[in-house]
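For reference, work.cif (mmCIF, C-alpha atoms):
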data_data
#
loop_
_atom_site.label_atom_id
_atom_site.label_comp_id
_atom_site.auth_asym_id
_atom_site.auth_seq_id
_atom_site.Cartn_x
_atom_site.Cartn_y
_atom_site.Cartn_z
CA MET A 1 -31.22 -56.85 -21.12
CA PHE A 2 -30.93 -54.32 -23.94
CA ALA A 3 -33.18 -51.93 -22.03
CA VAL A 4 -30.89 -52.11 -19.02
CA HIS A 5 -27.83 -51.67 -21.22
CA ASP A 6 -29.39 -48.69 -22.97
CA PHE A 7 -30.38 -47.21 -19.62
CA LEU A 8 -26.83 -47.55 -18.27
CA LYS A 9 -25.36 -45.96 -21.39
CA SER A 10 -27.86 -43.13 -21.17
CA ALA A 11 -27.07 -42.63 -17.48
CA GLN A 12 -23.36 -42.61 -18.23
CA ARG A 13 -23.82 -39.98 -20.92
CA GLY A 14 -25.92 -37.96 -18.50
CA ALA A 15 -23.27 -38.18 -15.79
CA VAL A 16 -20.60 -37.02 -18.24
CA ALA A 17 -22.82 -34.14 -19.32
CA VAL A 18 -23.44 -33.12 -15.69
CA ALA A 19 -19.74 -33.35 -14.88
CA ALA A 20 -18.92 -31.22 -17.92
CA ALA A 21 -21.53 -28.67 -16.93
CA LEU A 22 -20.18 -28.53 -13.39
CA LEU A 23 -16.67 -28.07 -14.77
CA LEU A 24 -17.85 -25.20 -16.95
CA VAL A 25 -19.66 -23.57 -14.01
CA THR A 26 -16.61 -23.98 -11.78
CA SER A 27 -14.34 -22.59 -14.48
CA ALA A 28 -16.66 -19.64 -15.10
CA LYS A 29 -16.85 -18.99 -11.39
CA ALA A 30 -13.06 -19.04 -11.11
CA GLN A 31 -12.76 -16.64 -14.04
CA SER A 32 -15.41 -14.34 -12.62
CA ASP A 33 -13.90 -14.29 -9.14
CA PRO A 34 -12.41 -10.79 -8.82
CA LEU A 35 -10.35 -11.77 -5.76
CA PRO A 36 -8.77 -15.14 -6.61
CA SER A 37 -5.82 -14.70 -4.21
CA TRP A 38 -8.19 -14.35 -1.26
CA ASN A 39 -9.42 -17.40 0.61
CA ASP A 40 -13.19 -17.73 0.95
CA THR A 41 -13.17 -16.39 4.49
CA ALA A 42 -14.91 -13.52 6.25
CA PRO A 43 -12.76 -10.63 4.93
CA LYS A 44 -13.36 -11.53 1.28
CA ALA A 45 -17.09 -11.89 1.94
CA ALA A 46 -17.12 -8.52 3.72
CA ILE A 47 -15.42 -6.78 0.78
CA VAL A 48 -17.83 -8.23 -1.78
CA ALA A 49 -20.86 -7.47 0.39
CA PHE A 50 -19.76 -3.87 0.84
CA VAL A 51 -19.14 -3.32 -2.87
CA GLU A 52 -22.49 -4.86 -3.79
CA LYS A 53 -24.29 -2.65 -1.26
CA VAL A 54 -22.86 0.63 -2.49
CA THR A 55 -23.15 -0.19 -6.20
CA THR A 56 -26.72 -1.57 -6.26
CA GLU A 57 -28.97 1.15 -7.64
CA ASN A 58 -32.26 1.92 -5.88
CA SER A 59 -30.95 0.35 -2.67
CA PRO A 60 -30.73 2.40 0.55
CA ASP A 61 -26.94 1.96 0.61
CA PHE A 62 -26.28 3.02 -3.00
CA VAL A 63 -23.42 5.51 -3.37
CA PRO A 64 -23.03 7.52 -6.60
CA GLU A 65 -19.73 6.96 -8.41
CA PRO A 66 -18.20 10.37 -7.66
CA GLU A 67 -18.51 9.59 -3.95
CA ARG A 68 -16.92 6.13 -4.17
CA ILE A 69 -13.55 7.09 -2.74
CA ALA A 70 -11.23 4.41 -1.32
CA VAL A 71 -7.95 5.24 0.41
CA PHE A 72 -5.01 2.89 0.95
CA ASP A 73 -1.95 3.20 3.12
CA ASN A 74 1.17 2.04 1.26
CA ASP A 75 3.86 0.58 3.55
CA GLY A 76 2.62 -2.70 5.02
CA THR A 77 -0.76 -2.39 3.29
CA LEU A 78 0.19 -2.56 -0.38
CA TRP A 79 3.82 -3.72 -0.12
CA VAL A 80 6.42 -4.83 2.42
CA GLU A 81 7.58 -2.53 5.21
CA HIS A 82 10.06 -4.84 6.97
CA PRO A 83 12.89 -4.97 7.88
CA MET A 84 12.46 -1.20 7.40
CA TYR A 85 10.32 1.22 5.42
CA THR A 86 11.41 1.18 1.78
CA GLN A 87 11.92 4.93 1.71
CA LEU A 88 14.27 4.62 4.68
CA ALA A 89 16.28 2.04 2.71
CA PHE A 90 16.37 4.58 -0.12
CA ALA A 91 17.60 7.31 2.25
CA LEU A 92 20.36 5.06 3.62
CA ASP A 93 21.54 4.28 0.11
CA ARG A 94 21.50 7.99 -0.70
CA VAL A 95 23.74 8.73 2.31
CA LYS A 96 26.27 6.17 1.08
CA ALA A 97 26.10 7.46 -2.48
CA GLU A 98 26.61 11.10 -1.41
CA ALA A 99 29.16 10.47 1.36
CA ALA A 100 32.17 11.49 -0.72
CA ALA A 101 30.68 14.95 -1.21
CA HIS A 102 30.00 15.27 2.54
CA PRO A 103 33.14 14.38 4.52
CA GLU A 104 31.54 15.92 7.62
CA TRP A 105 29.09 13.00 7.75
CA LYS A 106 31.86 10.68 9.00
CA ASP A 107 31.63 12.33 12.42
CA LYS A 108 28.00 13.48 12.45
CA GLN A 109 25.05 11.39 13.63
CA PRO A 110 22.92 9.84 12.30
CA PHE A 111 25.03 9.84 9.10
CA LYS A 112 27.98 8.29 10.94
CA ALA A 113 25.75 5.40 12.03
CA VAL A 114 24.59 4.82 8.45
CA LEU A 115 28.12 4.81 7.04
CA GLU A 116 29.32 2.43 9.76
CA GLY A 117 26.28 0.17 9.54
CA ASP A 118 25.46 0.84 13.20
CA MET A 119 21.72 0.20 13.22
CA LYS A 120 21.55 0.50 17.01
CA ALA A 121 22.89 4.06 16.88
CA LEU A 122 20.60 4.83 13.97
CA ALA A 123 17.59 3.63 15.95
CA ALA A 124 18.72 5.75 18.91
CA ALA A 125 18.54 8.83 16.67
CA GLY A 126 14.77 8.37 16.68
CA GLU A 127 12.30 10.20 14.47
CA LYS A 128 14.35 13.41 14.57
CA GLY A 129 17.37 11.60 13.16
CA LEU A 130 15.34 9.94 10.42
CA VAL A 131 13.82 13.27 9.39
CA GLU A 132 17.33 14.75 9.22
CA LEU A 133 18.45 11.90 6.97
CA ILE A 134 15.55 12.48 4.62
CA MET A 135 16.00 16.23 4.55
CA GLU A 136 19.67 15.90 3.63
CA THR A 137 19.19 13.20 1.00
CA HIS A 138 15.90 14.26 -0.59
CA ALA A 139 16.45 18.02 -0.92
CA ASP A 140 18.73 20.61 -2.55
CA MET A 141 17.80 19.40 -6.03
CA THR A 142 15.08 20.08 -8.54
CA HIS A 143 11.85 18.13 -8.67
CA ASP A 144 12.90 16.49 -11.94
CA GLU A 145 16.30 15.49 -10.53
CA PHE A 146 14.66 13.84 -7.54
CA GLN A 147 12.17 11.98 -9.73
CA LYS A 148 15.08 10.62 -11.77
CA VAL A 149 16.98 9.50 -8.65
CA VAL A 150 13.92 7.71 -7.27
CA SER A 151 13.09 6.03 -10.59
CA GLU A 152 16.65 4.74 -11.01
CA TRP A 153 16.81 3.46 -7.43
CA ILE A 154 13.44 1.70 -7.47
CA ALA A 155 14.43 -0.04 -10.73
CA THR A 156 17.63 -1.51 -9.27
CA ALA A 157 17.31 -1.79 -5.46
CA ARG A 158 16.52 -5.20 -4.02
CA ASP A 159 14.90 -6.23 -0.77
CA PRO A 160 17.43 -7.91 1.59
CA LYS A 161 15.21 -10.87 2.54
CA PHE A 162 13.58 -11.83 -0.74
CA ASN A 163 16.32 -10.52 -3.06
CA LYS A 164 13.70 -9.04 -5.37
CA PRO A 165 12.93 -5.50 -6.50
CA TYR A 166 10.60 -3.77 -4.06
CA THR A 167 8.06 -3.33 -6.83
CA GLU A 168 7.72 -7.13 -7.00
CA LEU A 169 6.97 -7.27 -3.28
CA VAL A 170 3.50 -5.81 -3.58
CA TYR A 171 0.64 -7.86 -2.21
CA GLN A 172 -1.22 -9.69 -4.95
CA PRO A 173 -4.52 -9.76 -2.98
CA MET A 174 -4.36 -5.97 -2.64
CA LEU A 175 -3.66 -5.48 -6.35
CA GLU A 176 -6.80 -7.53 -7.01
CA LEU A 177 -8.73 -5.42 -4.51
CA LEU A 178 -7.62 -2.17 -6.16
CA ALA A 179 -8.71 -3.50 -9.57
CA TYR A 180 -12.01 -4.81 -8.18
CA LEU A 181 -12.90 -1.47 -6.65
CA ARG A 182 -12.00 0.45 -9.79
CA ALA A 183 -14.09 -1.95 -11.88
CA ASN A 184 -17.01 -0.97 -9.65
CA GLY A 185 -16.68 2.76 -10.07
CA PHE A 186 -14.32 3.56 -7.19
CA LYS A 187 -11.48 6.03 -7.40
CA THR A 188 -8.51 4.62 -5.47
CA PHE A 189 -6.00 6.81 -3.64
CA ILE A 190 -2.72 6.03 -1.89
CA VAL A 191 -2.45 7.92 1.40
CA SER A 192 1.07 7.27 2.64
CA GLY A 193 3.17 8.40 5.56
CA GLY A 194 6.04 8.20 3.09
CA GLY A 195 7.02 10.96 0.72
CA ILE A 196 4.52 11.90 -1.95
CA GLU A 197 7.32 12.48 -4.49
CA PHE A 198 8.91 9.14 -3.58
CA VAL A 199 5.73 7.19 -4.39
CA ARG A 200 4.48 9.10 -7.44
CA PRO A 201 7.15 8.06 -10.00
CA TRP A 202 6.18 4.36 -9.91
CA ALA A 203 2.68 4.16 -8.35
CA GLU A 204 0.79 4.11 -11.65
CA GLN A 205 2.92 1.35 -13.15
CA VAL A 206 2.79 -0.80 -10.01
CA TYR A 207 -0.66 -0.09 -8.57
CA GLY A 208 -2.57 1.56 -11.38
CA VAL A 209 -2.82 4.70 -9.22
CA PRO A 210 -1.90 7.88 -11.14
CA PRO A 211 0.31 10.58 -9.54
CA GLU A 212 -2.62 12.90 -8.86
CA GLN A 213 -4.19 10.19 -6.66
CA VAL A 214 -1.18 9.90 -4.34
CA VAL A 215 -1.25 11.71 -0.98
CA GLY A 216 1.84 11.72 1.20
CA SER A 217 4.35 13.59 3.30
CA SER A 218 6.26 16.40 1.61
CA ILE A 219 9.12 18.82 1.96
CA LYS A 220 8.93 22.47 0.97
CA THR A 221 9.36 23.24 -2.71
CA GLN A 222 9.77 26.61 -4.39
CA PHE A 223 9.55 27.87 -7.95
CA GLU A 224 12.77 29.21 -9.46
CA MET A 225 14.03 30.27 -12.89
CA ARG A 226 17.30 28.44 -13.53
CA ASP A 227 19.25 29.10 -16.73
CA GLY A 228 16.12 30.62 -18.18
CA LEU A 229 14.00 27.58 -17.39
CA PRO A 230 11.18 27.27 -14.83
CA THR A 231 11.99 24.70 -12.14
CA LEU A 232 10.70 23.48 -8.80
CA PHE A 233 13.50 23.29 -6.23
CA ARG A 234 13.29 21.05 -3.17
CA LEU A 235 14.23 22.68 0.14
CA PRO A 236 15.52 20.89 3.27
CA GLN A 237 12.40 21.82 5.26
CA VAL A 238 9.40 19.72 6.24
CA ASN A 239 6.19 20.87 4.60
CA PHE A 240 3.66 18.26 5.77
CA ILE A 241 3.71 14.90 7.59
CA ASP A 242 0.96 12.66 6.22
CA ASP A 243 0.83 10.20 9.10
CA LYS A 244 -1.53 9.52 12.00
CA ALA A 245 -3.67 12.64 12.55
CA GLY A 246 -2.11 14.13 9.42
CA LYS A 247 -3.79 11.59 7.15
CA PRO A 248 -7.35 12.96 7.44
CA VAL A 249 -5.93 16.46 6.94
CA GLY A 250 -4.06 15.31 3.84
CA ILE A 251 -7.15 13.53 2.50
CA ASN A 252 -9.26 16.64 2.94
CA ALA A 253 -6.64 18.89 1.33
CA HIS A 254 -5.88 16.65 -1.67
CA ILE A 255 -9.13 14.79 -2.30
CA GLY A 256 -11.84 17.08 -0.94
CA ARG A 257 -14.24 14.19 -0.25
CA ARG A 258 -14.50 11.92 2.76
CA PRO A 259 -13.71 8.33 1.70
CA ILE A 260 -16.23 5.54 2.12
CA ALA A 261 -13.53 2.86 2.41
CA ALA A 262 -10.11 2.87 4.06
CA PHE A 263 -7.39 0.22 4.19
CA GLY A 264 -4.39 0.29 6.53
CA ASN A 265 -2.18 -1.90 8.68
CA SER A 266 -0.80 0.12 11.57
CA ASP A 267 -1.45 2.71 14.24
CA GLY A 268 -0.34 5.30 11.70
CA ASP A 269 -3.60 4.58 9.87
CA LEU A 270 -5.89 4.80 12.91
CA GLU A 271 -7.11 8.34 12.33
CA MET A 272 -7.63 7.70 8.61
CA LEU A 273 -9.86 4.73 9.45
CA GLN A 274 -11.72 6.76 12.07
CA TRP A 275 -12.23 9.68 9.67
CA THR A 276 -13.56 7.32 7.00
CA THR A 277 -15.88 5.11 9.05
CA MET A 278 -17.03 7.00 12.14
CA THR A 279 -19.60 9.19 10.44
CA GLY A 280 -23.23 9.16 9.52
CA GLY A 281 -24.65 8.79 6.06
CA SER A 282 -23.77 6.00 3.67
CA VAL A 283 -22.38 2.61 4.57
CA ARG A 284 -18.64 2.71 5.36
CA PHE A 285 -15.87 0.13 5.28
CA GLY A 286 -12.62 -0.13 7.21
CA MET A 287 -10.02 -2.87 6.85
CA ILE A 288 -6.74 -3.63 8.63
CA ILE A 289 -4.07 -5.92 7.21
CA HIS A 290 -2.61 -7.94 10.10
CA HIS A 291 0.84 -9.39 9.38
CA THR A 292 0.64 -12.94 10.73
CA ASP A 293 2.63 -14.98 8.22
CA ALA A 294 6.26 -15.39 9.31
CA ASP A 295 6.87 -18.06 6.65
CA ARG A 296 5.67 -16.24 3.54
CA GLU A 297 6.36 -12.69 4.74
CA TYR A 298 6.59 -11.42 8.36
CA ALA A 299 4.63 -11.67 11.60
CA TYR A 300 4.42 -8.53 13.74
CA ASP A 301 1.98 -6.19 15.45
CA ARG A 302 2.00 -4.53 18.89
CA LYS A 303 5.76 -4.31 19.54
CA SER A 304 7.12 -3.69 16.07
CA GLU A 305 9.36 -0.68 15.40
CA PHE A 306 7.97 -0.48 11.88
CA GLY A 307 4.25 -0.77 11.23
CA ARG A 308 3.23 -1.13 14.87
CA LEU A 309 -0.36 -2.36 15.13
CA ASP A 310 -1.61 -1.83 18.67
CA LYS A 311 -4.22 0.89 19.19
CA ALA A 312 -5.71 0.35 15.74
CA LEU A 313 -6.08 -3.39 16.38
CA ASP A 314 -8.07 -2.67 19.54
CA ALA A 315 -10.11 -0.04 17.70
CA ALA A 316 -10.97 -2.54 14.96
CA ALA A 317 -13.04 -4.64 17.35
CA ILE A 318 -14.86 -1.58 18.68
CA ASN A 319 -15.61 -0.08 15.27
CA ASN A 320 -16.36 -3.31 13.42
CA TRP A 321 -13.46 -2.93 11.01
CA THR A 322 -12.53 -6.03 9.06
CA VAL A 323 -9.17 -7.52 10.08
CA VAL A 324 -7.29 -9.58 7.51
CA ASP A 325 -5.21 -12.42 8.92
CA MET A 326 -2.60 -12.71 6.15
CA LYS A 327 -1.79 -16.33 6.96
CA ALA A 328 -5.41 -17.48 7.04
CA ASP A 329 -7.10 -15.16 4.55
CA TRP A 330 -4.64 -14.90 1.66
CA LYS A 331 -3.94 -17.82 -0.69
CA GLU A 332 -0.81 -16.08 -1.87
CA ILE A 333 1.01 -12.93 -0.84
CA PHE A 334 3.28 -12.03 -3.75
CA LEU A 335 2.65 -12.66 -7.42
CA GLU A 336 5.18 -15.21 -8.63
CA LYS A 337 7.01 -14.02 -11.75
#
Step by step, read the file and then write its structure as structure tokens.
Amino acid sequence: MFAVHDFLKSAQRGAVAVAAALLLVTSAKAQSDPLPSWNDTAPKAAIVAFVEKVTTENSPDFVPEPERIAVFDNDGTLWVEHPMYTQLAFALDRVKAEAAAHPEWKDKQPFKAVLEGDMKALAAAGEKGLVELIMETHADMTHDEFQKVVSEWIATARDPKFNKPYTELVYQPMLELLAYLRANGFKTFIVSGGGIEFVRPWAEQVYGVPPEQVVGSSIKTQFEMRDGLPTLFRLPQVNFIDDKAGKPVGINAHIGRRPIAAFGNSDGDLEMLQWTTMTGGSVRFGMIIHHTDADREYAYDRKSEFGRLDKALDAAAINNWTVVDMKADWKEIFLEK
């Protein structure tokens, strides 16, 4: 009787010890998981497998740290791009803020459309009209003045759907991915179709990406002495469009190395993904973020006006790029604050 009792007590203590050990292992695993906002699905496994391949010394896929370059699109890849690109929202606000100084805008498209809230007319202005808006609202000021305007706007502007600052609408899984790559010797770059000087003022605070690791579209800037002080003055002329075929050109000009990993979400990123992955040499990685979650964010792809994903989605299957289904593969989208 006592032997049985002692056995049962011993077994109970053993079970408690095993349970405690399992709890510790589970807790340690959770703490050591570098991508906790990712579900344990194929994309997460592909990321980890790629990183382990290129960072394992004496393996055939090992890549030295200086060559571990990863490039990320911004709009729709790192933060929201609907109902419109954030920089477009900035430009529209700039038109309204500067309207009093430009009475001619009341009768001139696309400014008239902005002031009247006529989004149909604004859309009809097309890319030419949008470029004109940006030229008028982003130029004829010094570099420092523009940086101040952007910083003030990004600190106060709020997204119309979520009623939060745009800098709180960054994707938590992608923040974890940026940190994971950097912890494994990668240098992470933003390669945006948006303006380089629009992204630089806040990219380091939000993404941990310093200004010198931001590549983007730009307008012409010239050096001038003003009141005895050296300044850079922004001109209303396009210098470079860092989108589509421009992205590999921008990467080559700014970075000087071909990336081994590229992350995008739209046809504007197709050439960047091709440039990164369709080459010989070391193992390469391409990933597309597919917006499939209408409840937590948005669902769009082939017919979207912003962030259209059509050709690049077809190319993903051909080139073995990893496609992230936001609804299925991400536990959470935004970090709750």
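Within 12 Å of the file-frame point (-4.2, 1.5, 18.4), and using only C-alpha atoms, the polymer residues found are Lys244, Gly264, Asn265, Ser266, Asp267, Gly268, Asp269, Leu270, Glu271, Leu273, Gln274, Ile288, Asp301, Arg302, Lys303, Gly307, Arg308, Leu309, Asp310, Lys311, Ala312, Leu313, Asp314, Ala315, Ala316, Ala317, Ile318 and Asn319 of chain A.
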- Message: Need to verify the contact set: range 38-43 of chain A, 12 Å, all atoms listed in the file, exclusion of same-chain residues closer than 3 positions in sequence. Can you return it as a PyMOL selection string?
- Response: chain A and resi 30+33-35+46-50+171-177+285-290+320-334
- Task: Grab the CA of Ser282 in chain A to CA of Asp61 in chain A distance for me, in Å with one decimal place.
- Result: 6.0 Å
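We find CA of Leu181 in chain A and CA of Leu335 in chain A to be spaced 19.2 Å apart.
The coordinates place CA of Val206 in chain A at 22.2 Å from CA of Pro259 in chain A.
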- Please write as a PyMOL selection string the full residue list that the PyMOL selection byres ((chain A and resi 114) around 10) yields on this file. chain A and resi 91-93+95-96+105-106+109-113+115-119+121-122+133
Could you turn the residues from that selection into a file that holds C-alpha atoms, as a compact mmCIF listing (two decimals), in the frame of the given file?
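Saved as out17.txt:
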# COMPACT_ATOMS: atom_id res chain seq x y z
CA ALA A 91 17.60 7.31 2.25
CA LEU A 92 20.36 5.06 3.62
CA ASP A 93 21.54 4.28 0.11
CA VAL A 95 23.74 8.73 2.31
CA LYS A 96 26.27 6.17 1.08
CA TRP A 105 29.09 13.00 7.75
CA LYS A 106 31.86 10.68 9.00
CA GLN A 109 25.05 11.39 13.63
CA PRO A 110 22.92 9.84 12.30
CA PHE A 111 25.03 9.84 9.10
CA LYS A 112 27.98 8.29 10.94
CA ALA A 113 25.75 5.40 12.03
CA LEU A 115 28.12 4.81 7.04
CA GLU A 116 29.32 2.43 9.76
CA GLY A 117 26.28 0.17 9.54
CA ASP A 118 25.46 0.84 13.20
CA MET A 119 21.72 0.20 13.22
CA ALA A 121 22.89 4.06 16.88
CA LEU A 122 20.60 4.83 13.97
CA LEU A 133 18.45 11.90 6.97
- Message: When the PyMOL selection byres ((chain A and resi 138) around 12) is applied to the structure above, which residues does it catch, written out as a PyMOL selection string?
- Response: chain A and resi 87-88+90-95+98+130-137+139-150+195-198+218-221+233-238
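Distances to Arg158 in chain A were evaluated for A:Asp295, A:Pro211, A:Ile260, A:Ala89 using all atoms listed in the file, and the minimum falls at A:Ala89.
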- Message: Set the distance at 12 Å and use only C-alpha atoms: which residues neighbour Pro165 in chain A once local chain neighbours fewer than 3 positions away are removed? I'd like the list as a PyMOL selection string.
- Response: chain A and resi 79-80+86+152-162+168-170+206+334+337
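Nearest to Gly194 in chain A of all the residues A:Asn74, A:Ser304, A:Asn239, A:Ser151 is A:Asn74, based on all atoms listed in the file.
Nearest-residue note for Phe189 in chain A: choosing from A:Ala262, A:Phe72, A:Gln205, A:Lys128, the minimum distance belongs to A:Phe72, counting all atoms listed in the file.
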- Item | Protein and nucleic acid residues near (-16.5, 9.4, -7.0) (cut-off 12 Å, all atoms listed in the file) as an MDAnalysis selection string | chainID A and resid 54:55 63:70 181:182 184:189 255:261
